[in-house]
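Raw input28.cif, mmCIF, C-alpha atoms:
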data_data
#
loop_
_atom_site.label_atom_id
_atom_site.label_comp_id
_atom_site.auth_asym_id
_atom_site.auth_seq_id
_atom_site.Cartn_x
_atom_site.Cartn_y
_atom_site.Cartn_z
CA MET A 1 -101.23 104.70 -97.81
CA ASP A 2 -101.29 107.33 -95.10
CA ASP A 3 -100.09 106.65 -91.61
CA THR A 4 -103.53 106.61 -90.00
CA GLU A 5 -104.93 104.03 -92.38
CA LEU A 6 -101.83 101.93 -91.92
CA THR A 7 -102.04 102.00 -88.15
CA THR A 8 -105.74 101.14 -88.25
CA ARG A 9 -105.18 98.13 -90.50
CA LEU A 10 -102.21 96.85 -88.50
CA GLN A 11 -104.05 97.33 -85.22
CA ARG A 12 -107.08 95.40 -86.43
CA LEU A 13 -104.91 92.45 -87.46
CA GLU A 14 -103.09 92.56 -84.14
CA ASP A 15 -106.34 92.66 -82.19
CA VAL A 16 -107.89 89.66 -83.92
CA MET A 17 -104.64 87.75 -83.64
CA ALA A 18 -104.18 88.59 -79.96
CA ILE A 19 -107.72 87.49 -79.14
CA THR A 20 -107.32 84.31 -81.18
CA GLN A 21 -104.07 83.56 -79.36
CA LEU A 22 -105.62 84.25 -75.96
CA ILE A 23 -108.47 81.83 -76.65
CA ALA A 24 -105.99 79.29 -78.05
CA SER A 25 -104.23 79.30 -74.70
CA TYR A 26 -107.36 78.32 -72.76
CA GLY A 27 -107.31 74.58 -73.48
CA PRO A 28 -103.60 74.04 -72.82
CA LEU A 29 -103.77 76.05 -69.59
CA VAL A 30 -106.96 74.57 -68.19
CA ASP A 31 -105.97 71.00 -69.12
CA SER A 32 -102.58 71.35 -67.47
CA GLY A 33 -104.20 72.76 -64.34
CA ALA A 34 -102.52 76.17 -64.51
CA ALA A 35 -105.10 77.83 -62.26
CA ASP A 36 -103.43 81.23 -61.95
CA GLU A 37 -102.82 81.56 -65.68
CA VAL A 38 -106.38 80.51 -66.52
CA ALA A 39 -107.74 83.07 -64.05
CA ALA A 40 -105.50 85.76 -65.55
CA MET A 41 -107.26 85.34 -68.91
CA TRP A 42 -110.19 87.19 -67.34
CA THR A 43 -110.24 90.74 -66.00
CA GLU A 44 -110.24 90.93 -62.19
CA ASP A 45 -114.04 91.04 -62.13
CA GLY A 46 -114.66 89.12 -65.33
CA SER A 47 -117.33 86.44 -65.26
CA TYR A 48 -117.66 82.88 -66.54
CA ASP A 49 -121.13 81.45 -66.74
CA VAL A 50 -121.13 77.79 -67.70
CA GLU A 51 -124.23 75.64 -67.37
CA GLY A 52 -125.53 77.39 -64.30
CA TRP A 53 -122.12 77.65 -62.64
CA LEU A 54 -121.52 81.39 -62.37
CA MET A 55 -118.00 82.55 -61.56
CA GLU A 56 -117.84 86.30 -61.01
CA ASN A 57 -114.14 87.10 -60.74
CA ARG A 58 -110.65 85.70 -61.22
CA GLU A 59 -110.62 84.01 -57.84
CA ALA A 60 -113.76 82.06 -58.72
CA VAL A 61 -112.25 80.94 -62.03
CA ARG A 62 -109.09 79.92 -60.20
CA SER A 63 -111.17 77.90 -57.72
CA MET A 64 -112.93 76.15 -60.59
CA VAL A 65 -109.60 74.93 -61.97
CA LEU A 66 -108.61 73.71 -58.52
CA SER A 67 -112.01 72.15 -57.83
CA ARG A 68 -112.42 68.43 -57.40
CA PRO A 69 -114.48 67.92 -60.60
CA HIS A 70 -111.92 69.73 -62.76
CA GLN A 71 -108.98 68.00 -61.07
CA ARG A 72 -110.69 64.69 -61.73
CA PHE A 73 -110.95 65.57 -65.43
CA ILE A 74 -107.30 66.47 -65.81
CA GLY A 75 -106.11 63.69 -63.51
CA SER A 76 -107.63 61.20 -65.91
CA GLY A 77 -106.98 63.18 -69.12
CA SER A 78 -109.06 65.94 -70.69
CA VAL A 79 -109.01 68.13 -73.77
CA HIS A 80 -110.91 71.41 -73.73
CA PHE A 81 -110.81 71.95 -77.48
CA MET A 82 -111.77 75.46 -78.56
CA GLY A 83 -112.63 76.14 -82.18
CA THR A 84 -111.20 79.10 -84.07
CA PRO A 85 -113.16 82.08 -82.75
CA HIS A 86 -115.05 84.48 -84.98
CA VAL A 87 -113.94 87.85 -83.61
CA THR A 88 -115.64 91.24 -83.87
CA VAL A 89 -113.60 94.15 -82.53
CA ASP A 90 -115.20 97.49 -81.66
CA GLY A 91 -112.58 99.86 -80.32
CA ASP A 92 -111.48 98.62 -76.91
CA THR A 93 -114.02 95.84 -76.62
CA ALA A 94 -114.63 92.73 -78.67
CA VAL A 95 -116.88 89.70 -78.97
CA ALA A 96 -115.58 86.26 -79.90
CA VAL A 97 -117.89 83.37 -80.77
CA CYS A 98 -116.76 79.78 -81.07
CA GLU A 99 -117.75 76.22 -80.51
CA SER A 100 -115.88 73.87 -78.23
CA LEU A 101 -115.56 70.19 -77.43
CA LEU A 102 -114.86 68.67 -74.05
CA VAL A 103 -113.08 65.39 -74.69
CA LEU A 104 -112.41 63.05 -71.78
CA ARG A 105 -110.29 59.94 -71.51
CA GLU A 106 -112.41 56.87 -70.85
CA GLY A 107 -111.12 53.33 -70.90
CA ASP A 108 -108.69 52.86 -73.80
CA GLY A 109 -109.92 55.89 -75.69
CA PHE A 110 -111.64 59.22 -75.38
CA VAL A 111 -115.24 60.37 -75.53
CA VAL A 112 -116.77 63.69 -76.47
CA SER A 113 -118.53 64.59 -73.27
CA ARG A 114 -119.84 67.94 -74.41
CA GLY A 115 -120.18 70.13 -77.50
CA GLY A 116 -120.49 73.73 -76.46
CA ALA A 117 -121.41 77.20 -77.67
CA ASN A 118 -119.24 80.04 -76.40
CA ARG A 119 -119.78 83.78 -76.45
CA ILE A 120 -116.84 85.69 -75.03
CA GLU A 121 -116.79 89.43 -74.40
CA LEU A 122 -113.37 91.00 -74.08
CA ALA A 123 -111.76 94.29 -73.15
CA ARG A 124 -108.43 95.78 -74.09
CA THR A 125 -106.50 96.26 -70.83
CA PRO A 126 -102.95 97.35 -69.97
CA GLU A 127 -102.15 93.61 -69.74
CA GLY A 128 -103.61 92.93 -73.18
CA TRP A 129 -107.02 91.58 -74.20
CA ARG A 130 -108.87 89.89 -71.33
CA PHE A 131 -112.26 88.16 -70.96
CA THR A 132 -114.86 90.33 -69.25
CA ARG A 133 -117.60 87.75 -69.70
CA ARG A 134 -117.75 84.23 -71.07
CA VAL A 135 -120.99 82.35 -71.41
CA ALA A 136 -120.88 78.67 -72.41
CA ARG A 137 -123.79 76.30 -72.95
CA THR A 138 -124.07 72.73 -74.11
CA LEU A 139 -125.40 72.45 -77.65
CA ASP A 140 -128.41 70.36 -76.70
CA GLY A 141 -130.88 71.91 -79.10
CA SER A 142 -131.95 74.65 -76.70
CA ALA A 143 -132.73 78.07 -78.09
CA GLU A 144 -130.41 79.60 -75.50
CA ALA A 145 -127.33 77.67 -76.63
CA ARG A 146 -128.06 78.36 -80.28
CA ALA A 147 -128.60 82.05 -79.63
CA LEU A 148 -125.08 82.30 -78.18
CA LEU A 149 -123.69 81.26 -81.53
CA HIS A 150 -125.71 83.81 -83.41
CA SER A 151 -124.88 86.96 -81.51
CA MET B 1 -89.79 99.43 -96.79
CA ASP B 2 -91.50 101.03 -99.74
CA ASP B 3 -95.21 101.55 -99.88
CA THR B 4 -95.91 98.83 -102.43
CA GLU B 5 -94.16 96.13 -100.44
CA LEU B 6 -95.94 97.29 -97.32
CA THR B 7 -99.36 97.17 -98.94
CA THR B 8 -98.66 93.73 -100.37
CA ARG B 9 -97.64 92.32 -97.00
CA LEU B 10 -100.56 93.87 -95.14
CA GLN B 11 -103.01 92.71 -97.79
CA ARG B 12 -101.77 89.15 -97.64
CA LEU B 13 -102.21 89.04 -93.87
CA GLU B 14 -105.67 90.55 -94.18
CA ASP B 15 -106.70 88.06 -96.84
CA VAL B 16 -105.64 84.99 -94.88
CA MET B 17 -107.23 86.37 -91.74
CA ALA B 18 -110.50 87.27 -93.50
CA ILE B 19 -110.75 83.79 -95.01
CA THR B 20 -109.92 82.15 -91.70
CA GLN B 21 -112.59 84.25 -89.99
CA LEU B 22 -115.17 83.46 -92.68
CA ILE B 23 -114.59 79.74 -92.27
CA ALA B 24 -114.63 80.12 -88.47
CA SER B 25 -118.14 81.53 -88.75
CA TYR B 26 -119.50 78.45 -90.55
CA GLY B 27 -119.97 76.19 -87.53
CA PRO B 28 -121.60 78.78 -85.28
CA LEU B 29 -123.95 79.88 -88.07
CA VAL B 30 -124.95 76.46 -89.34
CA ASP B 31 -125.38 75.04 -85.82
CA SER B 32 -127.59 77.93 -84.78
CA GLY B 33 -129.69 77.53 -87.92
CA ALA B 34 -128.91 80.94 -89.39
CA ALA B 35 -129.90 79.93 -92.92
CA ASP B 36 -129.54 83.35 -94.57
CA GLU B 37 -126.13 84.02 -93.04
CA VAL B 38 -124.83 80.57 -93.98
CA ALA B 39 -126.05 81.07 -97.56
CA ALA B 40 -124.37 84.49 -97.67
CA MET B 41 -120.97 82.85 -97.10
CA TRP B 42 -121.18 81.68 -100.70
CA THR B 43 -121.34 83.82 -103.83
CA GLU B 44 -124.79 83.94 -105.43
CA ASP B 45 -123.94 81.00 -107.69
CA GLY B 46 -121.41 79.33 -105.43
CA SER B 47 -121.67 75.58 -105.02
CA TYR B 48 -121.47 73.14 -102.11
CA ASP B 49 -120.92 69.52 -102.98
CA VAL B 50 -121.14 67.27 -99.95
CA GLU B 51 -121.39 63.50 -100.25
CA GLY B 52 -123.38 63.56 -103.45
CA TRP B 53 -125.63 66.40 -102.34
CA LEU B 54 -124.89 69.17 -104.82
CA MET B 55 -126.11 72.66 -103.99
CA GLU B 56 -125.52 75.10 -106.83
CA ASN B 57 -126.39 78.51 -105.39
CA ARG B 58 -127.19 80.40 -102.21
CA GLU B 59 -130.83 79.38 -102.26
CA ALA B 60 -129.86 75.71 -102.29
CA VAL B 61 -127.49 76.20 -99.35
CA ARG B 62 -130.23 78.07 -97.51
CA SER B 63 -132.64 75.19 -98.16
CA MET B 64 -130.11 72.72 -96.79
CA VAL B 65 -129.96 74.61 -93.49
CA LEU B 66 -133.76 74.63 -93.35
CA SER B 67 -134.07 70.98 -94.41
CA ARG B 68 -135.48 68.38 -92.08
CA PRO B 69 -132.20 66.44 -91.67
CA HIS B 70 -130.26 69.57 -90.71
CA GLN B 71 -133.03 70.81 -88.42
CA ARG B 72 -133.02 67.44 -86.71
CA PHE B 73 -129.27 67.78 -86.10
CA ILE B 74 -129.50 71.21 -84.55
CA GLY B 75 -132.73 70.46 -82.71
CA SER B 76 -130.91 67.72 -80.86
CA GLY B 77 -127.52 69.43 -80.71
CA SER B 78 -124.75 69.50 -83.29
CA VAL B 79 -121.24 70.88 -83.68
CA HIS B 80 -119.85 71.40 -87.18
CA PHE B 81 -116.26 71.80 -86.07
CA MET B 82 -113.97 73.20 -88.77
CA GLY B 83 -110.21 72.93 -88.37
CA THR B 84 -107.92 75.88 -89.00
CA PRO B 85 -107.78 76.17 -92.79
CA HIS B 86 -104.56 76.16 -94.77
CA VAL B 87 -105.07 79.10 -97.13
CA THR B 88 -103.41 79.85 -100.46
CA VAL B 89 -104.26 83.24 -101.93
CA ASP B 90 -103.67 84.03 -105.59
CA GLY B 91 -104.81 87.55 -106.36
CA ASP B 92 -108.59 87.68 -106.12
CA THR B 93 -109.10 83.95 -105.65
CA ALA B 94 -108.01 81.57 -102.95
CA VAL B 95 -108.12 77.93 -101.91
CA ALA B 96 -108.59 76.83 -98.31
CA VAL B 97 -108.12 73.24 -97.18
CA CYS B 98 -109.20 71.91 -93.81
CA GLU B 99 -110.55 68.93 -91.99
CA SER B 100 -113.80 68.98 -90.09
CA LEU B 101 -115.71 66.97 -87.52
CA LEU B 102 -119.46 66.60 -87.30
CA VAL B 103 -120.27 65.98 -83.65
CA LEU B 104 -123.85 65.08 -82.67
CA ARG B 105 -125.52 64.82 -79.32
CA GLU B 106 -126.56 61.28 -78.55
CA GLY B 107 -127.88 60.11 -75.21
CA ASP B 108 -125.91 61.74 -72.39
CA GLY B 109 -122.96 62.65 -74.55
CA PHE B 110 -121.84 63.33 -78.07
CA VAL B 111 -120.50 61.20 -80.89
CA VAL B 112 -118.29 62.01 -83.84
CA SER B 113 -120.56 61.19 -86.71
CA ARG B 114 -118.18 62.23 -89.48
CA GLY B 115 -114.60 63.28 -90.07
CA GLY B 116 -114.39 65.27 -93.26
CA ALA B 117 -112.02 66.66 -95.87
CA ASN B 118 -112.84 70.12 -97.21
CA ARG B 119 -111.54 72.01 -100.22
CA ILE B 120 -112.98 75.49 -100.46
CA GLU B 121 -112.44 77.83 -103.40
CA LEU B 122 -113.07 81.50 -102.72
CA ALA B 123 -113.31 84.80 -104.57
CA ARG B 124 -112.76 88.34 -103.40
CA THR B 125 -116.09 90.16 -103.91
CA PRO B 126 -117.37 93.61 -103.00
CA GLU B 127 -118.90 91.96 -99.89
CA GLY B 128 -115.58 90.39 -98.92
CA TRP B 129 -114.27 86.87 -99.50
CA ARG B 130 -116.98 84.37 -100.40
CA PHE B 131 -117.07 80.63 -101.21
CA THR B 132 -117.38 79.91 -104.91
CA ARG B 133 -117.10 76.16 -104.43
CA ARG B 134 -116.86 73.88 -101.45
CA VAL B 135 -116.37 70.16 -101.77
CA ALA B 136 -116.57 68.00 -98.65
CA ARG B 137 -116.11 64.26 -98.37
CA THR B 138 -116.04 61.82 -95.47
CA LEU B 139 -112.55 60.60 -94.69
CA ASP B 140 -113.34 56.94 -95.23
CA GLY B 141 -110.08 55.93 -96.86
CA SER B 142 -111.23 56.79 -100.37
CA ALA B 143 -108.74 58.29 -102.78
CA GLU B 144 -111.21 61.06 -103.57
CA ALA B 145 -111.47 62.29 -99.98
CA ARG B 146 -107.72 62.12 -99.49
CA ALA B 147 -107.07 63.98 -102.74
CA LEU B 148 -109.16 66.91 -101.48
CA LEU B 149 -106.70 67.36 -98.64
CA HIS B 150 -103.72 67.34 -100.93
CA SER B 151 -104.73 69.90 -103.50
CA MET C 1 -95.00 105.23 -86.77
CA ASP C 2 -91.37 104.86 -87.78
CA ASP C 3 -90.22 102.26 -90.23
CA THR C 4 -88.53 100.02 -87.67
CA GLU C 5 -91.60 99.75 -85.47
CA LEU C 6 -93.72 99.06 -88.51
CA THR C 7 -91.46 96.30 -89.76
CA THR C 8 -91.34 94.73 -86.31
CA ARG C 9 -95.12 94.69 -85.98
CA LEU C 10 -95.70 93.33 -89.49
CA GLN C 11 -93.03 90.69 -89.03
CA ARG C 12 -94.54 89.48 -85.78
CA LEU C 13 -97.95 89.07 -87.40
CA GLU C 14 -96.40 87.26 -90.35
CA ASP C 15 -94.46 84.92 -88.09
CA VAL C 16 -97.45 83.88 -86.00
CA MET C 17 -99.55 83.48 -89.11
CA ALA C 18 -96.90 81.45 -90.96
CA ILE C 19 -96.49 79.11 -87.99
CA THR C 20 -100.25 78.76 -87.57
CA GLN C 21 -100.56 77.96 -91.28
CA LEU C 22 -97.73 75.43 -91.15
CA ILE C 23 -99.36 73.59 -88.25
CA ALA C 24 -102.74 73.79 -90.02
CA SER C 25 -101.23 71.89 -92.93
CA TYR C 26 -100.18 68.93 -90.78
CA GLY C 27 -103.56 67.17 -90.55
CA PRO C 28 -104.47 67.48 -94.23
CA LEU C 29 -101.00 66.30 -95.31
CA VAL C 30 -100.63 63.41 -92.89
CA ASP C 31 -104.21 62.19 -93.45
CA SER C 32 -103.78 62.23 -97.21
CA GLY C 33 -100.51 60.32 -96.91
CA ALA C 34 -98.31 63.05 -98.40
CA ALA C 35 -95.12 61.65 -96.88
CA ASP C 36 -92.65 64.03 -98.53
CA GLU C 37 -94.65 67.13 -97.66
CA VAL C 38 -95.12 66.03 -94.05
CA ALA C 39 -91.38 65.38 -93.74
CA ALA C 40 -90.63 68.81 -95.23
CA MET C 41 -92.46 70.46 -92.32
CA TRP C 42 -89.43 69.59 -90.21
CA THR C 43 -85.86 70.78 -90.66
CA GLU C 44 -83.55 68.13 -92.11
CA ASP C 45 -82.52 66.98 -88.62
CA GLY C 46 -85.71 67.95 -86.84
CA SER C 47 -87.17 65.43 -84.39
CA TYR C 48 -90.63 64.08 -83.61
CA ASP C 49 -91.05 62.30 -80.33
CA VAL C 50 -94.48 60.76 -79.97
CA GLU C 51 -95.25 58.25 -77.22
CA GLY C 52 -91.82 56.70 -77.20
CA TRP C 53 -91.47 56.68 -80.98
CA LEU C 54 -88.51 58.96 -81.63
CA MET C 55 -87.96 60.15 -85.19
CA GLU C 56 -84.74 62.11 -85.55
CA ASN C 57 -84.83 63.52 -89.07
CA ARG C 58 -87.02 64.06 -92.11
CA GLU C 59 -86.42 60.57 -93.42
CA ALA C 60 -87.74 59.06 -90.20
CA VAL C 61 -90.85 61.24 -90.34
CA ARG C 62 -91.36 60.23 -93.95
CA SER C 63 -91.06 56.55 -92.97
CA MET C 64 -93.66 57.04 -90.26
CA VAL C 65 -96.18 58.31 -92.82
CA LEU C 66 -95.41 55.33 -95.06
CA SER C 67 -95.46 52.85 -92.16
CA ARG C 68 -98.07 50.14 -91.97
CA PRO C 69 -99.81 51.53 -88.85
CA HIS C 70 -100.21 54.99 -90.38
CA GLN C 71 -101.30 53.58 -93.74
CA ARG C 72 -103.88 51.50 -91.92
CA PHE C 73 -105.23 54.66 -90.27
CA ILE C 74 -105.60 56.59 -93.50
CA GLY C 75 -106.76 53.58 -95.48
CA SER C 76 -109.71 53.33 -93.17
CA GLY C 77 -110.14 57.08 -92.54
CA SER C 78 -108.36 59.29 -90.00
CA VAL C 79 -108.40 62.91 -88.87
CA HIS C 80 -105.35 64.32 -87.13
CA PHE C 81 -107.09 67.41 -85.80
CA MET C 82 -104.70 70.07 -84.48
CA GLY C 83 -106.02 72.87 -82.29
CA THR C 84 -105.08 76.49 -82.90
CA PRO C 85 -101.53 76.77 -81.58
CA HIS C 86 -100.46 79.30 -79.00
CA VAL C 87 -97.28 80.71 -80.53
CA THR C 88 -94.36 82.47 -78.85
CA VAL C 89 -91.78 83.89 -81.24
CA ASP C 90 -88.28 84.82 -80.09
CA GLY C 91 -86.26 86.11 -83.01
CA ASP C 92 -85.55 83.19 -85.33
CA THR C 93 -86.99 80.51 -83.10
CA ALA C 94 -90.47 79.91 -81.76
CA VAL C 95 -92.49 77.59 -79.58
CA ALA C 96 -96.05 76.53 -80.42
CA VAL C 97 -98.28 74.70 -77.97
CA CYS C 98 -101.55 73.04 -78.90
CA GLU C 99 -103.82 70.15 -78.20
CA SER C 100 -104.81 67.61 -80.82
CA LEU C 101 -107.34 64.86 -81.41
CA LEU C 102 -106.78 61.67 -83.35
CA VAL C 103 -110.14 60.66 -84.76
CA LEU C 104 -110.48 57.31 -86.50
CA ARG C 105 -113.27 55.83 -88.56
CA GLU C 106 -114.81 52.83 -86.85
CA GLY C 107 -117.94 51.07 -88.06
CA ASP C 108 -120.52 53.62 -89.17
CA GLY C 109 -118.92 56.51 -87.33
CA PHE C 110 -115.72 57.80 -85.85
CA VAL C 111 -114.06 57.53 -82.45
CA VAL C 112 -111.62 59.79 -80.67
CA SER C 113 -108.69 57.50 -80.28
CA ARG C 114 -106.38 60.00 -78.62
CA GLY C 115 -106.34 63.47 -77.11
CA GLY C 116 -102.83 64.86 -77.24
CA ALA C 117 -100.56 67.57 -75.90
CA ASN C 118 -98.10 69.05 -78.39
CA ARG C 119 -95.05 71.22 -77.86
CA ILE C 120 -93.44 72.24 -81.12
CA GLU C 121 -90.15 74.11 -81.40
CA LEU C 122 -89.52 75.87 -84.68
CA ALA C 123 -86.76 77.70 -86.52
CA ARG C 124 -86.89 80.32 -89.24
CA THR C 125 -85.11 78.82 -92.25
CA PRO C 126 -84.59 79.92 -95.85
CA GLU C 127 -87.61 77.69 -96.71
CA GLY C 128 -89.76 79.35 -94.04
CA TRP C 129 -90.60 78.23 -90.51
CA ARG C 130 -89.89 74.55 -89.89
CA PHE C 131 -90.24 72.18 -86.91
CA THR C 132 -86.96 71.49 -85.15
CA ARG C 133 -88.60 69.41 -82.44
CA ARG C 134 -92.11 68.20 -81.79
CA VAL C 135 -93.05 66.30 -78.67
CA ALA C 136 -96.54 64.81 -78.41
CA ARG C 137 -98.04 62.87 -75.52
CA THR C 138 -101.46 61.43 -74.82
CA LEU C 139 -103.36 63.44 -72.25
CA ASP C 140 -103.77 60.57 -69.82
CA GLY C 141 -103.34 62.51 -66.61
CA SER C 142 -99.57 62.13 -66.55
CA ALA C 143 -97.46 65.02 -65.29
CA GLU C 144 -95.33 64.76 -68.42
CA ALA C 145 -98.23 65.32 -70.82
CA ARG C 146 -99.59 68.19 -68.76
CA ALA C 147 -96.17 69.83 -68.50
CA LEU C 148 -95.97 69.99 -72.31
CA LEU C 149 -99.04 72.21 -72.32
CA HIS C 150 -97.60 74.54 -69.73
CA SER C 151 -94.22 75.31 -71.19
#

What is this file in structure tokens?
Amino acid sequence: MDDTELTTRLQRLEDVMAITQLIASYGPLVDSGAADEVAAMWTEDGSYDVEGWLMENREAVRSMVLSRPHQRFIGSGSVHFMGTPHVTVDGDTAVAVCESLLVLREGDGFVVSRGGANRIELARTPEGWRFTRRVARTLDGSAEARALLHS
Amino acid sequence: MDDTELTTRLQRLEDVMAITQLIASYGPLVDSGAADEVAAMWTEDGSYDVEGWLMENREAVRSMVLSRPHQRFIGSGSVHFMGTPHVTVDGDTAVAVCESLLVLREGDGFVVSRGGANRIELARTPEGWRFTRRVARTLDGSAEARALLHS
Amino acid sequence: MDDTELTTRLQRLEDVMAITQLIASYGPLVDSGAADEVAAMWTEDGSYDVEGWLMENREAVRSMVLSRPHQRFIGSGSVHFMGTPHVTVDGDTAVAVCESLLVLREGDGFVVSRGGANRIELARTPEGWRFTRRVARTLDGSAEARALLHS
């Protein structure tokens, strides 16, 4: 195997693994309320569009974690459970698609409050892979939510 | 490290990652109703045996996605959530074992309709890894469902 | 690329993948009641601290799987669903953080009985990566549970 092929194969594995690991950190960080670390998953001007709530940079993502609704979730107990992403890398950008569950503590147990579709666009940056755009929609049968999963 | 050892190690990582990625694509594809793409996860004569519904080739899998029960699921909102598979590769075949949740929208929220055991046999093909056989059973305490997880 | 860099990069991928695979085997093994195999995920004196139940070696983990409460879970149908872990490797030790759901069959469907935070410490052993310490807490809003996710 020549050195170029080797580097290409190693790099592809590293990219998919790094993106998988980044996405795996979302739930633990957002459910522990680590606002700065959650924000740092995005690029400085990365966006997060979730059910009509459009955050357009890190500061907006940080504010979402600190917001009263999110603090109420984690104060009572929440699990933002992200599925294994399907990752497509194209040079220094990538697209990851996955489903997610929002599970909230209620009474003695937990309820699944939302099942979601996620399409995440990423860029390779000096800090590593970061989200440039995440769109999430509730899987409620709408064509829009389903299209996110098939992109 | 000699070239043979290197190739072996790289190949093993690539195989597990490719199989993990294939399985990660199942939920997004089946919940968006992408019948052709779901069918293409199997080999032409691959089988899917789920709770007494036996599909014996791609066309049967495709028909399942287009069937009224499945269309009702996705028309209302469904999440076929597959856990990270435990993968054992043996040359050009592999076995992946994982649990799964079927989460359906109901009223204002979602319910877990089924917790499942999955045993997936795969083959390396010119198109990449494909399912040759998937068996799924509800985890209802039966010895059969539990045996799938321990194979 | 020189041989040392290559080995380092391959090894890091293999470590994260091996740990991810080990954790992926937990649910299938514990839900099928494979007491010996579950116990063997830990080192001989590895510990598992879950909600005030402290197991301090393999034998204690094995006894937990064989215990009446666990057998009742799997006799009725349970899914110990582990999220993709975020893994940090440091030489021959590692830390993996993930969330988990305990889903139990109830009536015609399933309920989410618990959403959990997991912090797992591991060691590289001659048998492969093994748990030296796992701490799990219900995500009930407590600072302790949230701190596990942010460590």

- Item | Residues selected by the PyMOL selection byres ((chain A) within 10 of (chain B)), written as an NGL selection string | :A and (1-2 or 6 or 9-10 or 12-13 or 16-17 or 82-88 or 97-103 or 111-118 or 138-151)

- Given the file above and the PyMOL selection byres ((chain C and resi 42) around 6), which residues are selected, and can you give them as a PyMOL selection string? chain C and resi 39-41+43+46+130-132

- Item | Picked residues, the PyMOL selection byres ((chain A and resi 123) around 12), as a VMD selection string | chain A and resid 15 18 to 19 41 to 46 88 to 96 120 to 122 124 to 134

- Of the listed residues B:Val61, B:Gly107, B:Leu54, B:His70, that which approaches B:Asp36 most closely, counting only C-alpha atoms: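 Ranking B:Val61, B:Gly107, B:Leu54, B:His70 by distance to B:Asp36, first place goes to B:Val61.
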
- Task: Please indicate the distance in Å from atom CA of A:Gly52 to atom CA of A:Val65, rounded to one decimal place.
- Result: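 So the answer is 16.3 Å.
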
- Note on the structure: A straight line from atom CA of C:Tyr48 to atom CA of A:Ala35 spans 29.2 Å

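Take atom CA of B:Glu51 and atom CA of B:Arg137: the distance between them is 5.7 Å.
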